[in-house]
Amino acid sequence: MAATQSWQPQEQGFKEICGLLEQQISHSSSADKSQIWQHLQRYSHLPDFNNYLAFIFSRAEGKSVEVRQAAGLYLKNNLRSTYSSMQPAYQQYVKSELLPCLGAADKHIRSTAGTIISVVVQLGGILGWPELLQALVNCLDSNDLNHMEGAMDALSKICEDIPQYLDCDVPGLAERPINIFLPRLFRFFQSPHASLRKLSLGSVNQFIMLMPSALYVSMDQYLQGLFILANDPIAEVRKLVCGAFVQLIEVRPSFLEPHLRNVIEYMLQVNQDKDDEVALEACEFWSAYCDAQLPPENLREFLPRLIPVLLSNMAYADDDESLIEAEEEGSQPDRDQDLKPRFHVSRFHGSDEAEDDDDDVVNIWNLRKCSAAALDILSNVFGDEILPTLMPIVEAKLSAAGDDSWKEREAAVLALGAIGEGCINGLYPHLSEIVAFLIPLLDDKFPLIRSISCWTLSRFSKFIVQGTGHPKGYEQFDNVLMGLLRRILDDNKRVQEAACSAFATLEEEAAEELAPRLEIILKHLMIAFGKYQRRNLRIVYDAIGTLAEAVGGELNQPVYLDILMPPLIEKWQQLANSDKDLFPLLECFTSIAHALGIGFTQFAEPVFRRCINIIQIQQFAKADPAAAGVQYDKEFIVCSLDLLSGLAEGLGSGIESLVSQCSLRDLLLHCCMDDAPDVRQSAFALLGDLARVCPVHLHPRLSEFLEAAAKQLEISKVKEAISVANNACWAIGELAVKVRQEISPIVLTVISCLVPILQHAEGLNKSLIENSAITLGRLAWVCPDLVSPHMEHFMQSWCTALSMIRDDVEKEDAFRGLCAMVKANPSGALSSLVYMCKAIASWHEIRSEDLHNEVCQVLHGYKQMLRNGAWDQCMSALEPPVKEKLSKYQV
């Protein structure tokens, strides 16, 4: 018996659900929308609720299209949560009602049907709906526009959401679905109907990344189709053609190589398209071409035509929202939606910290920014070659007089900033003139010229700081510094933001050069602190934090602290423990604590206590948000842990009295076992910092800390959270050198995790390899008898890693471990002697006299042990520079 035939809606249920849907979408209805929603939710527990929705969607002819569409969208959302638990007969009923809607007369019904069909395929697979493929093929081949469009709409959504489902074998089908559809999609490229051209091209483009063999073998046909559509009258089609070329150059450049001249020629033409979105898509091509590392010479001859196009597209468009934003006065409070989400980067212990790329002045991607980014990349690839084309245009734009040409002048300043890195050699002889030209623009009447001049000057900060060695250069540096400080106090929010960011960049370059100007800098920053609205306040915090890191201990003078600290402490007291505006302030305090060192002691106690308090509140909120009265947000924990790390580093053993009076140890252990990787990452960084300065307070729970840290080094954990593993590994090493023998219970567990990391180093980050090598050495130093029996398993990869580490105290510890192991088990290193010699030769100079002597003893020991020419044979395997370095040790 066909179950689908037996289900029929009850009149009562049909009416009630339709009535609720009508109220839900009505604008005039006074009914409470959330109550209607709850009513519908109650119905959704009925086993045949989806059948009602499907029936209303596909058959309720008397009802408005809006009600039918609402039923369809509700059906789509409800299927996501209930499809797998529906009776098979009801699943079948819903599917059978959807297929006829593909050819519905109303476009909205067709489109909604396509959306629901894609969701059903996501939930049940192609295999679970054999009739669908045939229905789609019949519609595509029907020559009826409604049917072709409906099927094409559904197919395009499947291609967008789950393209991989179409490129797999389906039992009962002679070929994969993609092989059936692709020829039909190509045919639609030449359809007279714009909607079919657009949907078919968009669908094929979804497969470029996957590159199924069906597309691979018909690549010529695809490219021919792209060239036919290249000058389509419909802008959206041209945009898709550009998108295809951009993706192909990124993923499969070899396909485009035979046609490259034509493609570049075409991209140049559409980069000037009257439709901005098409021009933007085309403009992406230049960066993609350079990123694909294709031979630059193919592009070289086009530069004289391309560069003017990029420059003309770098002027603000009349509808650019920055023009409206630029009118906003600094005294207007920010709305919540003006505040960009912020991302705190958890503390990371090691050599390659992530670079933060904050060059982008605002966040919406558009043709202007894409053109500037393309110019930046081209300048990095072609260097000074682009200057003869570029500079005359820039000079002409800069000298354009009159208020109406301000956008041209602004674009020219943006261009100078964009090439500031790539063309630095060619610009170098003229840089002081360029900087001298830019300084007065900081006071231009147009706010967007003031803001772009801040950014462009910041791109030349390295040069500006390098010049401070001679009086003229110092004067220019001072003029830039004072100019940016003036702009920090601008009344315009956009200018404030650009000036503060530019100043932070200059601070990083200038470092101690700022010391003579500290008082005036602090005064300006603190005036800004009192004047800015919430969004830009974050950037002031950043500038203060960067200043502290740049000048370090110079800041530690009463005259400076009296300007800096009172406003920050006042703000600290105003903000509630659950206020997200605390984040940037916590980060700022972290930098100050680090810079002031012991000087921060006078501010430390309230800051320390509050961090503990915030972590406690958040751990409570995680367990029971209602009782805690705040929503859990792990970022409070991460920022507080990082500030505690800053205090431990700054105060050193001075933090001990604070740690001894509170429950930090138990809170920290809890954080080391948290399910969020960034909480664990910061927790292990703090564990390592506390191990250095007050290990005695970790003692009562030492074995639990070590166990939690060792867990992070299991290979599955390393793969999913490499930064956590990195910090945990470092913390184990720091604990080892403090607690010595007490670390022995976990030594072998840790070694068994570190060895695979060192042996498969090529895929992992540099810092994890360094920390693994150092920690292994530290464990060998404190427990040589436990580690040395296993040394032949890891000597080669360990010594290779040691030879990459720069000279410092941590490297000394690792080599103490090497010497201790060799003494305990000399034969364990025999097969890796060449690697060990290279590791020893990697030292620039061993500062510690006793370690230097130990290394001498090790080498002499092997020289005596290896007789009958074996030592000379080992030496002859070393490159001359390595041999030369070993001569320091008298062998």
# chains A, B, ... in the order shown; residues from 1 in each chain; ligands from 1
call {"tool": "residues_around", "arguments": {"residues": "A:Thr775", "least_positions_apart": "6", "cutoff": "9 Å", "atoms": "only C-alpha atoms", "output": "compact mmCIF listing (two decimals) with all heavy atoms, in the first residue's frame"}}
result
# COMPACT_ATOMS: atom_id res chain seq x y z
N CYS A 729 54.28 22.22 26.54
CA CYS A 729 55.63 21.66 26.43
C CYS A 729 56.65 22.57 27.12
O CYS A 729 57.49 22.12 27.90
CB CYS A 729 55.95 21.52 24.94
SG CYS A 729 57.58 20.89 24.62
N TRP A 730 56.52 23.88 26.86
CA TRP A 730 57.43 24.85 27.49
C TRP A 730 57.28 24.82 29.01
O TRP A 730 58.26 24.82 29.76
CB TRP A 730 57.13 26.24 26.92
CG TRP A 730 57.84 27.34 27.63
CD1 TRP A 730 59.16 27.67 27.50
CD2 TRP A 730 57.29 28.26 28.58
NE1 TRP A 730 59.45 28.74 28.32
CE2 TRP A 730 58.34 29.13 28.98
CE3 TRP A 730 56.02 28.45 29.12
CZ2 TRP A 730 58.14 30.15 29.91
CZ3 TRP A 730 55.82 29.48 30.04
CH2 TRP A 730 56.88 30.31 30.42
N ALA A 731 56.00 24.75 29.48
CA ALA A 731 55.74 24.77 30.93
C ALA A 731 56.36 23.55 31.61
O ALA A 731 56.92 23.65 32.71
CB ALA A 731 54.24 24.83 31.19
N ILE A 732 56.29 22.38 30.97
CA ILE A 732 56.88 21.16 31.56
C ILE A 732 58.39 21.38 31.75
O ILE A 732 58.96 21.04 32.79
CB ILE A 732 56.63 19.92 30.66
CG1 ILE A 732 55.15 19.57 30.67
CG2 ILE A 732 57.47 18.73 31.13
CD1 ILE A 732 54.74 18.50 29.64
N GLY A 733 59.04 21.97 30.73
CA GLY A 733 60.48 22.23 30.83
C GLY A 733 60.80 23.19 31.97
O GLY A 733 61.77 22.99 32.72
N GLU A 734 59.98 24.25 32.11
CA GLU A 734 60.21 25.23 33.19
C GLU A 734 60.04 24.57 34.56
O GLU A 734 60.78 24.85 35.50
CB GLU A 734 59.25 26.42 33.05
CG GLU A 734 59.54 27.34 31.88
CD GLU A 734 60.89 28.04 31.98
OE1 GLU A 734 61.44 28.15 33.09
OE2 GLU A 734 61.40 28.49 30.94
N ALA A 736 60.45 21.36 35.18
CA ALA A 736 61.50 20.36 35.36
C ALA A 736 62.73 20.97 36.01
O ALA A 736 63.30 20.41 36.96
CB ALA A 736 61.87 19.74 34.01
N LEU A 754 57.29 13.65 22.81
CA LEU A 754 58.18 14.63 22.16
C LEU A 754 58.93 14.03 20.98
O LEU A 754 59.18 14.70 19.98
CB LEU A 754 59.18 15.20 23.17
CG LEU A 754 58.59 16.01 24.33
CD1 LEU A 754 59.71 16.53 25.24
CD2 LEU A 754 57.76 17.19 23.82
N GLU A 810 67.78 28.96 27.60
CA GLU A 810 67.03 27.71 27.40
C GLU A 810 67.88 26.71 26.60
O GLU A 810 67.88 25.51 26.88
CB GLU A 810 65.70 28.00 26.70
CG GLU A 810 64.77 28.86 27.57
CD GLU A 810 63.39 29.10 26.94
OE1 GLU A 810 63.21 28.80 25.74
OE2 GLU A 810 62.50 29.57 27.66
N ASP A 813 70.34 25.06 28.89
CA ASP A 813 69.76 23.96 29.67
C ASP A 813 69.72 22.68 28.83
O ASP A 813 70.05 21.59 29.32
CB ASP A 813 68.32 24.31 30.09
CG ASP A 813 68.30 25.32 31.23
OD1 ASP A 813 69.38 25.65 31.73
OD2 ASP A 813 67.19 25.78 31.60
N ALA A 814 69.28 22.82 27.57
CA ALA A 814 69.15 21.64 26.71
C ALA A 814 70.50 20.95 26.53
O ALA A 814 70.60 19.71 26.54
CB ALA A 814 68.56 22.04 25.36
call {"tool": "residues_around", "arguments": {"residues": "stretch 448-460 of chain A", "least_positions_apart": "2", "cutoff": "7 Å", "atoms": "only C-alpha atoms", "output": "ChimeraX atom specification"}}
result
/A:326,410,413-414,416-417,420,435,438,441-444,446,462-464,484,494-495,498-499,502,505-506
call {"tool": "residues_around", "arguments": {"residues": "stretch 99-104 of chain A", "least_positions_apart": "5", "cutoff": "6 Å", "atoms": "only C-alpha atoms", "output": "list in words"}}
result
Arg110, Asn146, His147, Gly150 and Ala151 of chain A
call {"tool": "residues_around", "arguments": {"residues": "A:Glu395", "least_positions_apart": "2", "cutoff": "12 Å", "atoms": "only C-alpha atoms", "output": "list of chain:residue names"}}
result
A:Leu311, A:Leu387, A:Pro388, A:Thr389, A:Leu390, A:Met391, A:Pro392, A:Ile393, A:Lys397, A:Leu398, A:Ser399, A:Ala400, A:Ala401, A:Glu408, A:Arg409, A:Glu410, A:Ala411, A:Ala412, A:Val413, A:Ala415, A:Leu416, A:Ile434, A:Phe437
call {"tool": "closest_residue", "arguments": {"among": "A:Gly646, A:Gly128, A:Pro606, A:Gly828", "to": "A:Leu658", "atoms": "only C-alpha atoms"}}
result
A:Pro606
call {"tool": "atom_distance", "arguments": {"atom1": "atom CA of A:Arg538", "atom2": "atom CA of A:Pro584"}}
result
5.9 Å
call {"tool": "residues_around", "arguments": {"residues": "A:Phe608", "least_positions_apart": "5", "cutoff": "9 Å", "atoms": "only C-alpha atoms", "output": "PDB file with N, CA and C atoms, in the first residue's frame"}}
result
ATOM      1  N   PHE A 603      50.880  48.977  41.899  1.00  0.00           N
ATOM      2  CA  PHE A 603      49.525  48.837  41.337  1.00  0.00           C
ATOM      3  C   PHE A 603      49.078  47.376  41.326  1.00  0.00           C
ATOM      4  N   ASN A 613      39.309  37.271  40.659  1.00  0.00           N
ATOM      5  CA  ASN A 613      37.871  37.429  40.833  1.00  0.00           C
ATOM      6  C   ASN A 613      37.133  37.163  39.513  1.00  0.00           C
ATOM      7  N   SER A 640      42.422  37.587  31.543  1.00  0.00           N
ATOM      8  CA  SER A 640      42.874  37.647  32.939  1.00  0.00           C
ATOM      9  C   SER A 640      44.105  36.772  33.152  1.00  0.00           C
ATOM     10  N   LEU A 643      47.060  38.595  31.739  1.00  0.00           N
ATOM     11  CA  LEU A 643      47.524  39.692  32.591  1.00  0.00           C
ATOM     12  C   LEU A 643      48.287  39.124  33.794  1.00  0.00           C
ATOM     13  N   LEU A 644      47.813  38.030  34.357  1.00  0.00           N
ATOM     14  CA  LEU A 644      48.548  37.397  35.470  1.00  0.00           C
ATOM     15  C   LEU A 644      49.947  36.963  34.999  1.00  0.00           C
ATOM     16  N   LEU A 647      52.072  39.966  34.969  1.00  0.00           N
ATOM     17  CA  LEU A 647      52.488  40.313  36.334  1.00  0.00           C
ATOM     18  C   LEU A 647      53.623  39.393  36.793  1.00  0.00           C
ATOM     19  N   LEU A 658      51.379  37.601  46.630  1.00  0.00           N
ATOM     20  CA  LEU A 658      50.006  37.654  46.111  1.00  0.00           C
ATOM     21  C   LEU A 658      49.483  36.243  45.856  1.00  0.00           C
ATOM     22  N   VAL A 659      50.342  35.383  45.271  1.00  0.00           N
ATOM     23  CA  VAL A 659      49.906  34.018  44.938  1.00  0.00           C
ATOM     24  C   VAL A 659      49.600  33.241  46.208  1.00  0.00           C
TER      25      VAL A 659
END
call {"tool": "residues_around", "arguments": {"residues": "A:Met865", "least_positions_apart": "5", "cutoff": "10 Å", "atoms": "only C-alpha atoms", "output": "compact mmCIF listing (two decimals) with all heavy atoms, in the first residue's frame"}}
result
# COMPACT_ATOMS: atom_id res chain seq x y z
N PRO A 826 77.39 6.73 26.93
CA PRO A 826 78.19 7.24 25.80
C PRO A 826 77.89 6.53 24.49
O PRO A 826 77.84 7.15 23.43
CB PRO A 826 79.64 6.98 26.23
CG PRO A 826 79.58 6.69 27.70
CD PRO A 826 78.21 6.21 28.02
N SER A 827 77.61 5.22 24.53
CA SER A 827 77.42 4.51 23.26
C SER A 827 76.11 4.91 22.58
O SER A 827 75.95 4.72 21.37
CB SER A 827 77.44 3.00 23.50
OG SER A 827 76.38 2.66 24.37
N LEU A 830 76.73 7.27 19.61
CA LEU A 830 77.77 6.97 18.62
C LEU A 830 77.26 7.07 17.19
O LEU A 830 77.92 7.66 16.32
CB LEU A 830 78.33 5.56 18.86
CG LEU A 830 79.49 5.51 19.88
CD1 LEU A 830 79.92 4.07 20.10
CD2 LEU A 830 80.68 6.35 19.40
N LEU A 859 83.37 16.07 23.78
CA LEU A 859 84.06 15.88 22.50
C LEU A 859 85.37 15.12 22.69
O LEU A 859 85.70 14.21 21.93
CB LEU A 859 84.30 17.23 21.83
CG LEU A 859 83.03 17.91 21.25
CD1 LEU A 859 83.33 19.33 20.82
CD2 LEU A 859 82.46 17.13 20.07
N HIS A 860 86.13 15.47 23.73
CA HIS A 860 87.40 14.77 23.99
C HIS A 860 87.16 13.31 24.32
O HIS A 860 87.92 12.43 23.89
CB HIS A 860 88.18 15.47 25.12
CG HIS A 860 88.87 16.70 24.64
ND1 HIS A 860 90.08 16.66 23.97
CD2 HIS A 860 88.50 18.02 24.67
CE1 HIS A 860 90.43 17.90 23.64
NE2 HIS A 860 89.49 18.73 24.05
N ALA A 870 88.61 6.21 13.34
CA ALA A 870 87.14 6.39 13.34
C ALA A 870 86.76 7.86 13.62
O ALA A 870 85.82 8.40 13.05
CB ALA A 870 86.50 5.47 14.37
N TRP A 871 87.51 8.51 14.52
CA TRP A 871 87.22 9.92 14.84
C TRP A 871 87.47 10.79 13.60
O TRP A 871 86.65 11.65 13.26
CB TRP A 871 88.09 10.36 16.01
CG TRP A 871 88.00 11.86 16.29
CD1 TRP A 871 88.90 12.80 15.96
CD2 TRP A 871 86.92 12.53 16.94
NE1 TRP A 871 88.47 14.04 16.35
CE2 TRP A 871 87.23 13.91 16.96
CE3 TRP A 871 85.70 12.11 17.50
CZ2 TRP A 871 86.40 14.87 17.52
CZ3 TRP A 871 84.87 13.08 18.06
CH2 TRP A 871 85.23 14.44 18.06
call {"tool": "atom_distance", "arguments": {"atom1": "atom CA of A:Cys159", "atom2": "atom CA of A:Asp141"}}
result
18.6 Å
call {"tool": "residues_around", "arguments": {"residues": "stretch 219-222 of chain A", "least_positions_apart": "6", "cutoff": "12 Å", "atoms": "only C-alpha atoms", "output": "PyMOL selection string"}}
result
chain A and resi 182-190+200-201+204-205+207-208+211-213+228-229+241+244-245+248+252+254-256+258-259
call {"tool": "write_last_selection", "arguments": {"atoms": "N, CA and C atoms", "output": "PDB file, in the first residue's frame"}}
result
ATOM      1  N   LEU A 182      26.645  18.103 -16.192  1.00  0.00           N
ATOM      2  CA  LEU A 182      27.607  19.062 -16.757  1.00  0.00           C
ATOM      3  C   LEU A 182      27.299  19.453 -18.209  1.00  0.00           C
ATOM      4  N   PRO A 183      27.027  18.466 -19.124  1.00  0.00           N
ATOM      5  CA  PRO A 183      26.732  18.867 -20.504  1.00  0.00           C
ATOM      6  C   PRO A 183      25.510  19.789 -20.597  1.00  0.00           C
ATOM      7  N   ARG A 184      24.538  19.554 -19.704  1.00  0.00           N
ATOM      8  CA  ARG A 184      23.323  20.391 -19.726  1.00  0.00           C
ATOM      9  C   ARG A 184      23.648  21.800 -19.218  1.00  0.00           C
ATOM     10  N   LEU A 185      24.523  21.880 -18.207  1.00  0.00           N
ATOM     11  CA  LEU A 185      24.927  23.199 -17.693  1.00  0.00           C
ATOM     12  C   LEU A 185      25.663  23.974 -18.779  1.00  0.00           C
ATOM     13  N   PHE A 186      26.582  23.290 -19.479  1.00  0.00           N
ATOM     14  CA  PHE A 186      27.314  23.973 -20.566  1.00  0.00           C
ATOM     15  C   PHE A 186      26.337  24.475 -21.636  1.00  0.00           C
ATOM     16  N   ARG A 187      25.300  23.669 -21.912  1.00  0.00           N
ATOM     17  CA  ARG A 187      24.340  24.068 -22.952  1.00  0.00           C
ATOM     18  C   ARG A 187      23.634  25.375 -22.553  1.00  0.00           C
ATOM     19  N   PHE A 188      23.329  25.490 -21.247  1.00  0.00           N
ATOM     20  CA  PHE A 188      22.630  26.698 -20.781  1.00  0.00           C
ATOM     21  C   PHE A 188      23.514  27.947 -20.850  1.00  0.00           C
ATOM     22  N   PHE A 189      24.845  27.778 -20.954  1.00  0.00           N
ATOM     23  CA  PHE A 189      25.709  28.962 -21.113  1.00  0.00           C
ATOM     24  C   PHE A 189      25.230  29.800 -22.298  1.00  0.00           C
ATOM     25  N   GLN A 190      24.603  29.140 -23.300  1.00  0.00           N
ATOM     26  CA  GLN A 190      24.198  29.865 -24.510  1.00  0.00           C
ATOM     27  C   GLN A 190      22.695  30.108 -24.552  1.00  0.00           C
ATOM     28  N   SER A 200      23.582  28.496 -14.396  1.00  0.00           N
ATOM     29  CA  SER A 200      24.402  27.385 -14.880  1.00  0.00           C
ATOM     30  C   SER A 200      25.890  27.694 -14.682  1.00  0.00           C
ATOM     31  N   LEU A 201      26.292  28.938 -14.987  1.00  0.00           N
ATOM     32  CA  LEU A 201      27.712  29.290 -14.816  1.00  0.00           C
ATOM     33  C   LEU A 201      28.082  29.249 -13.325  1.00  0.00           C
ATOM     34  N   VAL A 204      28.643  25.594 -12.273  1.00  0.00           N
ATOM     35  CA  VAL A 204      29.905  24.968 -12.707  1.00  0.00           C
ATOM     36  C   VAL A 204      31.070  25.546 -11.893  1.00  0.00           C
ATOM     37  N   ASN A 205      31.026  26.867 -11.631  1.00  0.00           N
ATOM     38  CA  ASN A 205      32.123  27.495 -10.867  1.00  0.00           C
ATOM     39  C   ASN A 205      32.323  26.836  -9.498  1.00  0.00           C
ATOM     40  N   PHE A 207      32.546  23.907  -8.834  1.00  0.00           N
ATOM     41  CA  PHE A 207      33.347  22.672  -8.911  1.00  0.00           C
ATOM     42  C   PHE A 207      34.819  22.926  -9.194  1.00  0.00           C
ATOM     43  N   ILE A 208      35.219  24.218  -9.338  1.00  0.00           N
ATOM     44  CA  ILE A 208      36.626  24.480  -9.681  1.00  0.00           C
ATOM     45  C   ILE A 208      37.547  23.942  -8.585  1.00  0.00           C
ATOM     46  N   MET A 211      37.352  20.106  -8.674  1.00  0.00           N
ATOM     47  CA  MET A 211      37.852  19.629  -9.968  1.00  0.00           C
ATOM     48  C   MET A 211      37.565  18.133 -10.193  1.00  0.00           C
ATOM     49  N   PRO A 212      36.259  17.757 -10.292  1.00  0.00           N
ATOM     50  CA  PRO A 212      35.946  16.362 -10.608  1.00  0.00           C
ATOM     51  C   PRO A 212      36.451  16.022 -12.013  1.00  0.00           C
ATOM     52  N   SER A 213      36.667  14.731 -12.274  1.00  0.00           N
ATOM     53  CA  SER A 213      37.261  14.392 -13.576  1.00  0.00           C
ATOM     54  C   SER A 213      36.344  14.824 -14.723  1.00  0.00           C
ATOM     55  N   ILE A 228      32.686  32.910 -24.392  1.00  0.00           N
ATOM     56  CA  ILE A 228      31.420  33.330 -25.020  1.00  0.00           C
ATOM     57  C   ILE A 228      30.652  34.266 -24.070  1.00  0.00           C
ATOM     58  N   LEU A 229      30.685  33.931 -22.776  1.00  0.00           N
ATOM     59  CA  LEU A 229      29.917  34.732 -21.796  1.00  0.00           C
ATOM     60  C   LEU A 229      30.664  35.996 -21.351  1.00  0.00           C
ATOM     61  N   VAL A 241      32.036  35.222 -14.669  1.00  0.00           N
ATOM     62  CA  VAL A 241      33.147  34.882 -15.576  1.00  0.00           C
ATOM     63  C   VAL A 241      34.469  35.292 -14.918  1.00  0.00           C
ATOM     64  N   ALA A 244      35.362  32.960 -12.165  1.00  0.00           N
ATOM     65  CA  ALA A 244      35.890  31.678 -12.654  1.00  0.00           C
ATOM     66  C   ALA A 244      37.376  31.807 -12.981  1.00  0.00           C
ATOM     67  N   PHE A 245      37.738  32.890 -13.681  1.00  0.00           N
ATOM     68  CA  PHE A 245      39.153  33.071 -14.045  1.00  0.00           C
ATOM     69  C   PHE A 245      40.025  33.247 -12.797  1.00  0.00           C
ATOM     70  N   LEU A 248      40.370  29.814 -11.202  1.00  0.00           N
ATOM     71  CA  LEU A 248      41.221  28.934 -12.006  1.00  0.00           C
ATOM     72  C   LEU A 248      42.693  29.307 -11.853  1.00  0.00           C
ATOM     73  N   ARG A 252      44.157  26.045 -10.642  1.00  0.00           N
ATOM     74  CA  ARG A 252      44.685  25.290 -11.784  1.00  0.00           C
ATOM     75  C   ARG A 252      45.245  26.224 -12.849  1.00  0.00           C
ATOM     76  N   SER A 254      47.582  26.047 -14.795  1.00  0.00           N
ATOM     77  CA  SER A 254      48.062  25.433 -16.053  1.00  0.00           C
ATOM     78  C   SER A 254      46.974  25.459 -17.136  1.00  0.00           C
ATOM     79  N   PHE A 255      45.694  25.367 -16.736  1.00  0.00           N
ATOM     80  CA  PHE A 255      44.617  25.384 -17.735  1.00  0.00           C
ATOM     81  C   PHE A 255      44.558  26.711 -18.483  1.00  0.00           C
ATOM     82  N   LEU A 256      44.917  27.793 -17.774  1.00  0.00           N
ATOM     83  CA  LEU A 256      44.777  29.124 -18.397  1.00  0.00           C
ATOM     84  C   LEU A 256      46.017  29.501 -19.199  1.00  0.00           C
ATOM     85  N   PRO A 258      47.676  28.484 -21.848  1.00  0.00           N
ATOM     86  CA  PRO A 258      47.614  28.703 -23.307  1.00  0.00           C
ATOM     87  C   PRO A 258      46.795  29.941 -23.680  1.00  0.00           C
ATOM     88  N   HIS A 259      45.896  30.376 -22.785  1.00  0.00           N
ATOM     89  CA  HIS A 259      44.992  31.495 -23.119  1.00  0.00           C
ATOM     90  C   HIS A 259      45.344  32.751 -22.332  1.00  0.00           C
TER      91      HIS A 259
END
call {"tool": "atom_distance", "arguments": {"atom1": "atom CA of A:Leu73", "atom2": "atom CA of A:Gln8"}}
result
21.2 Å
